[in-house]
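Notes follow the structure.
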Amino acid sequence: MPLKLATAVAACCVLLGGFLVAAPAEAVDIRCSDLDLPVTGPLGEPATVHGRFCLPDGPAPKAVQLLVHGGTYNSAYWDLPYDPDRYSYQRDMAKHGYATFAADQLGSGGSSKPLSLPLLLPALARSMHEVIGHLRAGRVGGTPFEKVVIVGHSVGSGIVAAEASTYQDVDGVILTGITHLPSVPALTFGVLFGLQPAFTDGQLGSLGSDPLYFTTKPGARAGLFYATENADPRVIEADEATKDQVSVPGMGTVAVFGIVLPATKAIRVPVLQAVGEKDILFCGLFALRDCSSGETLRPAEAPFYRPEAELSTYVLPGAGHSLALHRNASQYRDATRVWLRDKVGVAAP
């Protein structure tokens, strides 16, 4: 798989979990910038979505990935402020020639923070649809992107599925950290013992007093989101330091309509579904999913998709729920690039 880089390197390929994966590429110059985009709030009011836009130096690619983080995260999930050469999805994609825009969902990060009660799945999906319109119109970086692939993590994957099925405006869908039959005991335990109102949190209390914005309790993220034997403790520290809030009503509607009554049934473009082998929330006890490999996961997930989705599945060995932040996350990013090339026709320039 040839890559156009500042310095040419030999491409040596290996077979990894059913994907042909290119050898690591040398670093190239990248450009990242933060910006705000106008969208519609949950009650029809003006709102803004903040995001980080990253792309390789030089001519802009013709395609972009819109990255949608999970609950209690913000866009830092995709560009963690610790060891970015190893853990930043955005910077790694840019080094390989791909453009990304990591959005803060409404209610988190630098985006508008409306009342939590009306911040439900339809409003969250609509805001991402409006961001896609900005990307296609050239209002992000001055480049009208010909192709948009929308990428979600966890709760963000439910929002992505709803957006793609409702608006039919993307060329590919990547869902990570989610299956259609989660571990109900693990999720229940996590909600009851791992979450607290954001206004009571010493780190996030300054965001306001809305009682239905929640965040994780101090120290809870390691057990909920990581297979700690495959995670750098300093990554978990950075994750804790950048945690955010999530609308409980929004998270609830994502769970019902994004997972239990799956929006994925209406997606008509290629889909990649990726999970961590040791994701206790979706692959653990009572999840009834064999997450030992992509090959074993696909038969259980395929009934939730149309034939046009051409479902591909990938399992990152030894990784927990937040698979992008584990030591071997580069394998998942490599597999993603191969899928982008083979299924969506999106390759590095």
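Labels for the structure tokens follow display order: chains A, B, ..., residues from 1 in each chain, ligands from 1.
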
Spatial neighbours of Ile174 of chain A, max dist 7 Å, only C-alpha atoms, sep filter under 3 positions, as a list in words:
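So the residues in contact are Ile150, Val151, Gly152, Val271, Leu272 and Gln273 of chain A.
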
Please provide as an mmCIF file with all heavy atoms, in the first residue's frame all residues within 9 Å of segment 318-330 of chain A, with the sequence filter that same-chain residues fewer than 2 positions apart are discarded (counting only C-alpha atoms).
data_model
loop_
_atom_site.group_PDB
_atom_site.id
_atom_site.type_symbol
_atom_site.label_atom_id
_atom_site.label_comp_id
_atom_site.auth_asym_id
_atom_site.auth_seq_id
_atom_site.Cartn_x
_atom_site.Cartn_y
_atom_site.Cartn_z
ATOM 1 N N PRO A 24 4.724 0.885 9.563
ATOM 2 C CA PRO A 24 4.662 2.281 10.029
ATOM 3 C C PRO A 24 5.411 3.226 9.103
ATOM 4 O O PRO A 24 6.460 2.896 8.568
ATOM 5 C CB PRO A 24 5.337 2.205 11.411
ATOM 6 C CG PRO A 24 5.165 0.790 11.831
ATOM 7 C CD PRO A 24 5.241 -0.030 10.581
ATOM 8 N N TYR A 77 -10.273 12.828 23.179
ATOM 9 C CA TYR A 77 -10.163 11.377 22.967
ATOM 10 C C TYR A 77 -9.386 11.069 21.696
ATOM 11 O O TYR A 77 -8.641 10.092 21.625
ATOM 12 C CB TYR A 77 -11.561 10.750 22.888
ATOM 13 C CG TYR A 77 -11.541 9.268 22.558
ATOM 14 C CD1 TYR A 77 -11.255 8.325 23.532
ATOM 15 C CD2 TYR A 77 -11.806 8.815 21.268
ATOM 16 C CE1 TYR A 77 -11.230 6.965 23.237
ATOM 17 C CE2 TYR A 77 -11.791 7.462 20.960
ATOM 18 C CZ TYR A 77 -11.498 6.542 21.946
ATOM 19 O OH TYR A 77 -11.461 5.190 21.639
ATOM 20 N N TRP A 78 -9.559 11.908 20.692
ATOM 21 C CA TRP A 78 -8.926 11.671 19.394
ATOM 22 C C TRP A 78 -7.549 12.324 19.283
ATOM 23 O O TRP A 78 -6.842 12.102 18.295
ATOM 24 C CB TRP A 78 -9.830 12.208 18.281
ATOM 25 C CG TRP A 78 -11.216 11.668 18.336
ATOM 26 C CD1 TRP A 78 -12.334 12.328 18.769
ATOM 27 C CD2 TRP A 78 -11.673 10.365 17.936
ATOM 28 N NE1 TRP A 78 -13.440 11.524 18.667
ATOM 29 C CE2 TRP A 78 -13.071 10.313 18.165
ATOM 30 C CE3 TRP A 78 -11.033 9.241 17.405
ATOM 31 C CZ2 TRP A 78 -13.838 9.189 17.873
ATOM 32 C CZ3 TRP A 78 -11.788 8.114 17.124
ATOM 33 C CH2 TRP A 78 -13.169 8.089 17.360
ATOM 34 N N LEU A 80 -5.199 12.937 22.354
ATOM 35 C CA LEU A 80 -4.871 12.968 23.773
ATOM 36 C C LEU A 80 -3.592 13.772 24.009
ATOM 37 O O LEU A 80 -2.594 13.578 23.310
ATOM 38 C CB LEU A 80 -4.692 11.542 24.300
ATOM 39 C CG LEU A 80 -4.686 11.391 25.820
ATOM 40 C CD1 LEU A 80 -6.092 11.580 26.369
ATOM 41 C CD2 LEU A 80 -4.151 10.022 26.223
ATOM 42 N N ARG A 86 2.112 8.380 19.735
ATOM 43 C CA ARG A 86 1.638 7.012 19.938
ATOM 44 C C ARG A 86 0.122 6.916 20.058
ATOM 45 O O ARG A 86 -0.475 5.929 19.625
ATOM 46 C CB ARG A 86 2.281 6.407 21.189
ATOM 47 C CG ARG A 86 1.929 4.943 21.420
ATOM 48 C CD ARG A 86 2.829 4.304 22.442
ATOM 49 N NE ARG A 86 2.605 2.869 22.517
ATOM 50 C CZ ARG A 86 3.335 2.019 23.239
ATOM 51 N NH1 ARG A 86 4.358 2.477 23.947
ATOM 52 N NH2 ARG A 86 3.061 0.730 23.256
ATOM 53 N N TYR A 87 -0.514 7.953 20.626
ATOM 54 C CA TYR A 87 -1.919 7.813 20.985
ATOM 55 C C TYR A 87 -2.883 8.737 20.253
ATOM 56 O O TYR A 87 -4.092 8.561 20.374
ATOM 57 C CB TYR A 87 -2.080 8.010 22.503
ATOM 58 C CG TYR A 87 -1.399 6.931 23.301
ATOM 59 C CD1 TYR A 87 -0.203 7.181 23.966
ATOM 60 C CD2 TYR A 87 -1.927 5.646 23.364
ATOM 61 C CE1 TYR A 87 0.437 6.178 24.690
ATOM 62 C CE2 TYR A 87 -1.293 4.639 24.079
ATOM 63 C CZ TYR A 87 -0.112 4.913 24.745
ATOM 64 O OH TYR A 87 0.517 3.923 25.440
ATOM 65 N N SER A 88 -2.392 9.721 19.511
ATOM 66 C CA SER A 88 -3.300 10.637 18.828
ATOM 67 C C SER A 88 -3.791 10.038 17.510
ATOM 68 O O SER A 88 -3.023 9.851 16.568
ATOM 69 C CB SER A 88 -2.613 11.977 18.553
ATOM 70 O OG SER A 88 -3.452 12.790 17.748
ATOM 71 N N TYR A 89 -5.079 9.744 17.448
ATOM 72 C CA TYR A 89 -5.695 9.259 16.210
ATOM 73 C C TYR A 89 -5.555 10.308 15.116
ATOM 74 O O TYR A 89 -5.197 9.993 13.974
ATOM 75 C CB TYR A 89 -7.168 8.959 16.481
ATOM 76 C CG TYR A 89 -7.931 8.361 15.320
ATOM 77 C CD1 TYR A 89 -8.142 6.985 15.242
ATOM 78 C CD2 TYR A 89 -8.486 9.162 14.323
ATOM 79 C CE1 TYR A 89 -8.867 6.425 14.192
ATOM 80 C CE2 TYR A 89 -9.209 8.610 13.272
ATOM 81 C CZ TYR A 89 -9.398 7.247 13.211
ATOM 82 O OH TYR A 89 -10.118 6.695 12.169
ATOM 83 N N ASP A 92 -1.837 10.765 13.881
ATOM 84 C CA ASP A 92 -1.395 9.594 13.145
ATOM 85 C C ASP A 92 -2.048 9.537 11.772
ATOM 86 O O ASP A 92 -1.394 9.227 10.771
ATOM 87 C CB ASP A 92 -1.716 8.330 13.942
ATOM 88 C CG ASP A 92 -1.170 7.076 13.289
ATOM 89 O OD1 ASP A 92 0.064 7.002 13.095
ATOM 90 O OD2 ASP A 92 -1.955 6.176 12.952
ATOM 91 N N HIS A 153 -17.277 6.826 18.719
ATOM 92 C CA HIS A 153 -16.808 5.965 19.807
ATOM 93 C C HIS A 153 -17.887 5.890 20.875
ATOM 94 O O HIS A 153 -18.408 6.918 21.326
ATOM 95 C CB HIS A 153 -15.513 6.507 20.430
ATOM 96 C CG HIS A 153 -15.138 5.778 21.688
ATOM 97 N ND1 HIS A 153 -14.804 4.444 21.682
ATOM 98 C CD2 HIS A 153 -15.077 6.167 22.986
ATOM 99 C CE1 HIS A 153 -14.541 4.050 22.922
ATOM 100 N NE2 HIS A 153 -14.706 5.081 23.728
ATOM 101 N N SER A 154 -18.262 4.660 21.269
ATOM 102 C CA SER A 154 -19.186 4.427 22.385
ATOM 103 C C SER A 154 -20.505 5.153 22.151
ATOM 104 O O SER A 154 -21.177 4.925 21.140
ATOM 105 C CB SER A 154 -18.506 4.851 23.688
ATOM 106 O OG SER A 154 -19.241 4.445 24.814
ATOM 107 N N THR A 176 -17.055 2.436 16.832
ATOM 108 C CA THR A 176 -16.097 1.790 17.723
ATOM 109 C C THR A 176 -16.648 1.792 19.143
ATOM 110 O O THR A 176 -17.453 2.639 19.525
ATOM 111 C CB THR A 176 -14.727 2.505 17.709
ATOM 112 O OG1 THR A 176 -14.819 3.751 18.424
ATOM 113 C CG2 THR A 176 -14.255 2.769 16.292
ATOM 114 N N GLY A 177 -16.201 0.812 19.936
ATOM 115 C CA GLY A 177 -16.611 0.736 21.329
ATOM 116 C C GLY A 177 -18.088 0.488 21.498
ATOM 117 O O GLY A 177 -18.705 1.006 22.427
ATOM 118 N N ILE A 178 -18.686 -0.347 20.634
ATOM 119 C CA ILE A 178 -20.120 -0.604 20.719
ATOM 120 C C ILE A 178 -20.456 -1.914 20.024
ATOM 121 O O ILE A 178 -19.848 -2.278 19.018
ATOM 122 C CB ILE A 178 -20.924 0.555 20.091
ATOM 123 C CG1 ILE A 178 -22.382 0.528 20.530
ATOM 124 C CG2 ILE A 178 -20.801 0.549 18.585
ATOM 125 C CD1 ILE A 178 -23.161 1.770 20.135
ATOM 126 N N LEU A 224 -13.590 1.145 34.006
ATOM 127 C CA LEU A 224 -14.661 1.139 33.018
ATOM 128 C C LEU A 224 -14.143 1.070 31.584
ATOM 129 O O LEU A 224 -14.731 0.384 30.743
ATOM 130 C CB LEU A 224 -15.515 2.399 33.177
ATOM 131 C CG LEU A 224 -16.423 2.479 34.403
ATOM 132 C CD1 LEU A 224 -17.074 3.855 34.484
ATOM 133 C CD2 LEU A 224 -17.491 1.393 34.367
ATOM 134 N N PHE A 225 -13.075 1.779 31.305
ATOM 135 C CA PHE A 225 -12.690 2.011 29.920
ATOM 136 C C PHE A 225 -11.402 1.325 29.477
ATOM 137 O O PHE A 225 -11.065 1.387 28.294
ATOM 138 C CB PHE A 225 -12.540 3.521 29.682
ATOM 139 C CG PHE A 225 -13.793 4.314 29.953
ATOM 140 C CD1 PHE A 225 -13.718 5.650 30.352
ATOM 141 C CD2 PHE A 225 -15.048 3.761 29.796
ATOM 142 C CE1 PHE A 225 -14.860 6.398 30.593
ATOM 143 C CE2 PHE A 225 -16.210 4.498 30.038
ATOM 144 C CZ PHE A 225 -16.111 5.817 30.433
ATOM 145 N N TYR A 226 -10.695 0.681 30.384
ATOM 146 C CA TYR A 226 -9.375 0.157 30.036
ATOM 147 C C TYR A 226 -9.191 -1.299 30.448
ATOM 148 O O TYR A 226 -9.739 -1.744 31.457
ATOM 149 C CB TYR A 226 -8.273 0.988 30.714
ATOM 150 C CG TYR A 226 -8.128 2.376 30.156
ATOM 151 C CD1 TYR A 226 -8.889 3.434 30.658
ATOM 152 C CD2 TYR A 226 -7.251 2.641 29.112
ATOM 153 C CE1 TYR A 226 -8.772 4.710 30.140
ATOM 154 C CE2 TYR A 226 -7.123 3.912 28.581
ATOM 155 C CZ TYR A 226 -7.896 4.939 29.094
ATOM 156 O OH TYR A 226 -7.784 6.203 28.568
ATOM 157 N N ALA A 227 -8.407 -2.018 29.657
ATOM 158 C CA ALA A 227 -7.773 -3.254 30.089
ATOM 159 C C ALA A 227 -6.401 -2.812 30.591
ATOM 160 O O ALA A 227 -5.482 -2.565 29.793
ATOM 161 C CB ALA A 227 -7.657 -4.239 28.933
ATOM 162 N N THR A 228 -6.280 -2.619 31.898
ATOM 163 C CA THR A 228 -5.141 -1.884 32.448
ATOM 164 C C THR A 228 -3.799 -2.539 32.163
ATOM 165 O O THR A 228 -2.777 -1.857 32.131
ATOM 166 C CB THR A 228 -5.311 -1.679 33.961
ATOM 167 O OG1 THR A 228 -5.553 -2.945 34.592
ATOM 168 C CG2 THR A 228 -6.493 -0.753 34.242
ATOM 169 N N GLU A 229 -3.784 -3.865 31.949
ATOM 170 C CA GLU A 229 -2.519 -4.509 31.634
ATOM 171 C C GLU A 229 -2.003 -4.107 30.256
ATOM 172 O O GLU A 229 -0.827 -4.304 29.940
ATOM 173 C CB GLU A 229 -2.665 -6.033 31.716
ATOM 174 C CG GLU A 229 -3.564 -6.670 30.676
ATOM 175 C CD GLU A 229 -5.044 -6.631 31.034
ATOM 176 O OE1 GLU A 229 -5.401 -5.960 32.033
ATOM 177 O OE2 GLU A 229 -5.841 -7.272 30.320
ATOM 178 N N ASN A 230 -2.868 -3.511 29.437
ATOM 179 C CA ASN A 230 -2.490 -3.073 28.095
ATOM 180 C C ASN A 230 -2.603 -1.556 27.969
ATOM 181 O O ASN A 230 -2.810 -1.027 26.887
ATOM 182 C CB ASN A 230 -3.380 -3.762 27.050
ATOM 183 C CG ASN A 230 -2.956 -3.474 25.616
ATOM 184 O OD1 ASN A 230 -1.805 -3.135 25.336
ATOM 185 N ND2 ASN A 230 -3.901 -3.587 24.689
ATOM 186 N N ALA A 231 -2.474 -0.857 29.092
ATOM 187 C CA ALA A 231 -2.624 0.601 29.073
ATOM 188 C C ALA A 231 -1.517 1.258 29.883
ATOM 189 O O ALA A 231 -1.107 0.756 30.935
ATOM 190 C CB ALA A 231 -3.981 1.004 29.638
ATOM 191 N N ASP A 232 -1.024 2.374 29.390
ATOM 192 C CA ASP A 232 -0.028 3.178 30.083
ATOM 193 C C ASP A 232 -0.735 3.959 31.192
ATOM 194 O O ASP A 232 -1.695 4.692 30.918
ATOM 195 C CB ASP A 232 0.620 4.138 29.080
ATOM 196 C CG ASP A 232 1.768 4.947 29.676
ATOM 197 O OD1 ASP A 232 1.779 5.165 30.907
ATOM 198 O OD2 ASP A 232 2.642 5.378 28.901
ATOM 199 N N VAL A 235 -1.466 7.469 30.374
ATOM 200 C CA VAL A 235 -2.592 7.698 29.474
ATOM 201 C C VAL A 235 -3.883 7.817 30.278
ATOM 202 O O VAL A 235 -4.707 8.701 30.036
ATOM 203 C CB VAL A 235 -2.700 6.557 28.436
ATOM 204 C CG1 VAL A 235 -4.054 6.586 27.730
ATOM 205 C CG2 VAL A 235 -1.582 6.669 27.417
ATOM 206 N N ILE A 236 -4.047 6.924 31.248
ATOM 207 C CA ILE A 236 -5.245 6.978 32.082
ATOM 208 C C ILE A 236 -5.277 8.281 32.873
ATOM 209 O O ILE A 236 -6.345 8.890 33.050
ATOM 210 C CB ILE A 236 -5.308 5.750 33.003
ATOM 211 C CG1 ILE A 236 -5.331 4.458 32.158
ATOM 212 C CG2 ILE A 236 -6.532 5.816 33.910
ATOM 213 C CD1 ILE A 236 -5.282 3.185 32.968
ATOM 214 N N ASP A 239 -6.398 10.886 30.511
ATOM 215 C CA ASP A 239 -7.825 10.678 30.279
ATOM 216 C C ASP A 239 -8.637 11.287 31.429
ATOM 217 O O ASP A 239 -9.612 12.021 31.209
ATOM 218 C CB ASP A 239 -8.090 9.179 30.161
ATOM 219 C CG ASP A 239 -9.513 8.843 29.742
ATOM 220 O OD1 ASP A 239 -10.393 9.705 29.840
ATOM 221 O OD2 ASP A 239 -9.738 7.689 29.334
ATOM 222 N N ALA A 274 -15.575 -1.708 15.157
ATOM 223 C CA ALA A 274 -14.349 -2.104 15.847
ATOM 224 C C ALA A 274 -14.550 -2.032 17.352
ATOM 225 O O ALA A 274 -15.113 -1.065 17.867
ATOM 226 C CB ALA A 274 -13.186 -1.194 15.433
ATOM 227 N N VAL A 275 -14.088 -3.059 18.058
ATOM 228 C CA VAL A 275 -14.187 -3.099 19.513
ATOM 229 C C VAL A 275 -12.884 -3.633 20.090
ATOM 230 O O VAL A 275 -12.068 -4.233 19.389
ATOM 231 C CB VAL A 275 -15.358 -3.992 19.993
ATOM 232 C CG1 VAL A 275 -16.686 -3.438 19.545
ATOM 233 C CG2 VAL A 275 -15.172 -5.426 19.509
ATOM 234 N N GLY A 276 -12.708 -3.411 21.392
ATOM 235 C CA GLY A 276 -11.595 -4.001 22.106
ATOM 236 C C GLY A 276 -11.963 -5.385 22.609
ATOM 237 O O GLY A 276 -13.078 -5.613 23.082
ATOM 238 N N GLU A 277 -11.036 -6.307 22.515
ATOM 239 C CA GLU A 277 -11.299 -7.686 22.923
ATOM 240 C C GLU A 277 -11.777 -7.776 24.377
ATOM 241 O O GLU A 277 -12.603 -8.623 24.721
ATOM 242 C CB GLU A 277 -10.018 -8.515 22.755
ATOM 243 C CG GLU A 277 -10.136 -9.962 23.197
ATOM 244 C CD GLU A 277 -8.796 -10.675 23.256
ATOM 245 O OE1 GLU A 277 -7.749 -9.990 23.171
ATOM 246 O OE2 GLU A 277 -8.788 -11.908 23.409
ATOM 247 N N LYS A 278 -11.277 -6.900 25.232
ATOM 248 C CA LYS A 278 -11.594 -6.955 26.655
ATOM 249 C C LYS A 278 -12.451 -5.780 27.102
ATOM 250 O O LYS A 278 -12.355 -5.313 28.227
ATOM 251 C CB LYS A 278 -10.296 -7.018 27.463
ATOM 252 C CG LYS A 278 -9.489 -8.282 27.171
ATOM 253 C CD LYS A 278 -8.260 -8.410 28.071
ATOM 254 C CE LYS A 278 -7.526 -9.718 27.798
ATOM 255 N NZ LYS A 278 -6.351 -9.891 28.686
ATOM 256 N N ASP A 279 -13.333 -5.322 26.221
ATOM 257 C CA ASP A 279 -14.278 -4.262 26.544
ATOM 258 C C ASP A 279 -15.342 -4.836 27.479
ATOM 259 O O ASP A 279 -16.233 -5.577 27.044
ATOM 260 C CB ASP A 279 -14.915 -3.746 25.259
ATOM 261 C CG ASP A 279 -15.858 -2.575 25.471
ATOM 262 O OD1 ASP A 279 -16.302 -2.363 26.616
ATOM 263 O OD2 ASP A 279 -16.166 -1.879 24.484
ATOM 264 N N ILE A 280 -15.288 -4.501 28.752
ATOM 265 C CA ILE A 280 -16.212 -5.100 29.713
ATOM 266 C C ILE A 280 -17.645 -4.625 29.509
ATOM 267 O O ILE A 280 -18.594 -5.278 29.952
ATOM 268 C CB ILE A 280 -15.786 -4.832 31.178
ATOM 269 C CG1 ILE A 280 -15.856 -3.332 31.493
ATOM 270 C CG2 ILE A 280 -14.407 -5.390 31.449
ATOM 271 C CD1 ILE A 280 -15.742 -3.040 32.975
ATOM 272 N N LEU A 281 -17.839 -3.487 28.853
ATOM 273 C CA LEU A 281 -19.173 -2.950 28.650
ATOM 274 C C LEU A 281 -19.906 -3.619 27.494
ATOM 275 O O LEU A 281 -21.140 -3.742 27.516
ATOM 276 C CB LEU A 281 -19.109 -1.441 28.405
ATOM 277 C CG LEU A 281 -18.469 -0.612 29.522
ATOM 278 C CD1 LEU A 281 -18.468 0.856 29.147
ATOM 279 C CD2 LEU A 281 -19.172 -0.825 30.856
ATOM 280 N N PHE A 282 -19.184 -4.070 26.484
ATOM 281 C CA PHE A 282 -19.827 -4.635 25.304
ATOM 282 C C PHE A 282 -19.334 -6.025 24.922
ATOM 283 O O PHE A 282 -19.909 -6.661 24.042
ATOM 284 C CB PHE A 282 -19.652 -3.678 24.113
ATOM 285 C CG PHE A 282 -20.477 -2.437 24.243
ATOM 286 C CD1 PHE A 282 -19.934 -1.289 24.797
ATOM 287 C CD2 PHE A 282 -21.796 -2.412 23.846
ATOM 288 C CE1 PHE A 282 -20.696 -0.137 24.934
ATOM 289 C CE2 PHE A 282 -22.574 -1.269 23.973
ATOM 290 C CZ PHE A 282 -22.023 -0.128 24.526
ATOM 291 N N CYS A 283 -18.285 -6.483 25.542
ATOM 292 C CA CYS A 283 -17.770 -7.815 25.239
ATOM 293 C C CYS A 283 -17.593 -8.662 26.493
ATOM 294 O O CYS A 283 -17.077 -9.765 26.429
ATOM 295 C CB CYS A 283 -16.420 -7.722 24.520
ATOM 296 S SG CYS A 283 -16.528 -6.976 22.878
ATOM 297 N N VAL A 315 -11.453 -6.527 15.831
ATOM 298 C CA VAL A 315 -11.256 -6.605 17.272
ATOM 299 C C VAL A 315 -9.791 -6.321 17.580
ATOM 300 O O VAL A 315 -8.899 -6.971 17.019
ATOM 301 C CB VAL A 315 -11.660 -7.988 17.822
ATOM 302 C CG1 VAL A 315 -11.290 -8.104 19.299
ATOM 303 C CG2 VAL A 315 -13.152 -8.224 17.631
ATOM 304 N N LEU A 316 -9.551 -5.336 18.450
ATOM 305 C CA LEU A 316 -8.190 -5.008 18.862
ATOM 306 C C LEU A 316 -7.805 -5.901 20.036
ATOM 307 O O LEU A 316 -8.403 -5.810 21.117
ATOM 308 C CB LEU A 316 -8.085 -3.540 19.262
ATOM 309 C CG LEU A 316 -6.692 -3.062 19.691
ATOM 310 C CD1 LEU A 316 -5.687 -3.223 18.548
ATOM 311 C CD2 LEU A 316 -6.740 -1.600 20.147
ATOM 312 N N TYR A 332 -5.196 -0.848 15.364
ATOM 313 C CA TYR A 332 -6.577 -0.468 15.015
ATOM 314 C C TYR A 332 -6.575 0.650 13.981
ATOM 315 O O TYR A 332 -7.382 0.641 13.040
ATOM 316 C CB TYR A 332 -7.307 -0.094 16.312
ATOM 317 C CG TYR A 332 -8.259 1.064 16.276
ATOM 318 C CD1 TYR A 332 -9.460 0.994 15.573
ATOM 319 C CD2 TYR A 332 -7.985 2.239 16.987
ATOM 320 C CE1 TYR A 332 -10.355 2.061 15.571
ATOM 321 C CE2 TYR A 332 -8.868 3.296 17.004
ATOM 322 C CZ TYR A 332 -10.053 3.204 16.283
ATOM 323 O OH TYR A 332 -10.925 4.260 16.293
ATOM 324 N N ARG A 333 -5.665 1.615 14.116
ATOM 325 C CA ARG A 333 -5.609 2.692 13.127
ATOM 326 C C ARG A 333 -5.156 2.167 11.765
ATOM 327 O O ARG A 333 -5.669 2.602 10.721
ATOM 328 C CB ARG A 333 -4.676 3.805 13.630
ATOM 329 C CG ARG A 333 -5.148 4.454 14.924
ATOM 330 C CD ARG A 333 -4.356 5.710 15.244
ATOM 331 N NE ARG A 333 -2.941 5.468 15.431
ATOM 332 C CZ ARG A 333 -2.347 5.287 16.599
ATOM 333 N NH1 ARG A 333 -3.063 5.299 17.723
ATOM 334 N NH2 ARG A 333 -1.040 5.111 16.681
ATOM 335 N N ASP A 334 -4.206 1.245 11.752
ATOM 336 C CA ASP A 334 -3.775 0.643 10.487
ATOM 337 C C ASP A 334 -4.935 -0.085 9.806
ATOM 338 O O ASP A 334 -5.148 0.052 8.598
ATOM 339 C CB ASP A 334 -2.631 -0.348 10.737
ATOM 340 C CG ASP A 334 -1.299 0.327 11.016
ATOM 341 O OD1 ASP A 334 -1.152 1.522 10.709
ATOM 342 O OD2 ASP A 334 -0.399 -0.344 11.563
ATOM 343 N N ALA A 335 -5.673 -0.870 10.591
ATOM 344 C CA ALA A 335 -6.813 -1.594 10.034
ATOM 345 C C ALA A 335 -7.871 -0.634 9.503
ATOM 346 O O ALA A 335 -8.502 -0.892 8.471
ATOM 347 C CB ALA A 335 -7.405 -2.514 11.096
#

Which residue, A:Pro182, A:Thr72, A:Val149, A:Asp104, has the smallest gap to Pro197 of chain A when you use only C-alpha atoms?
A:Thr72

Could you check how far atom CA of Phe193 of chain A sits from atom CA of Pro262 of chain A, in Å to one decimal?
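Going from atom CA of Phe193 of chain A over to atom CA of Pro262 of chain A, I get 26.7 Å.
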
Ranking A:Gly172, A:Gly44, A:Gly190, A:Gly158 by minimum distance to Gly70 of chain A and counting only C-alpha atoms, which one comes first?
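Comparing A:Gly172, A:Gly44, A:Gly190, A:Gly158 against Gly70 of chain A, the winner is A:Gly158.
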
Name all residues at most 7 Å from Thr215 of chain A (count only C-alpha atoms; drop same-chain ones fewer than 3 positions away) and give them as a count of residues only.
8

Extract the full set of alpha helix (DSSP H) residues from segment 107-304 of chain A according to DSSP on the backbone, and format it as a ChimeraX atom specification.
/A:121-137,155-167,184-194,221-225,233-241,248-254,294-301
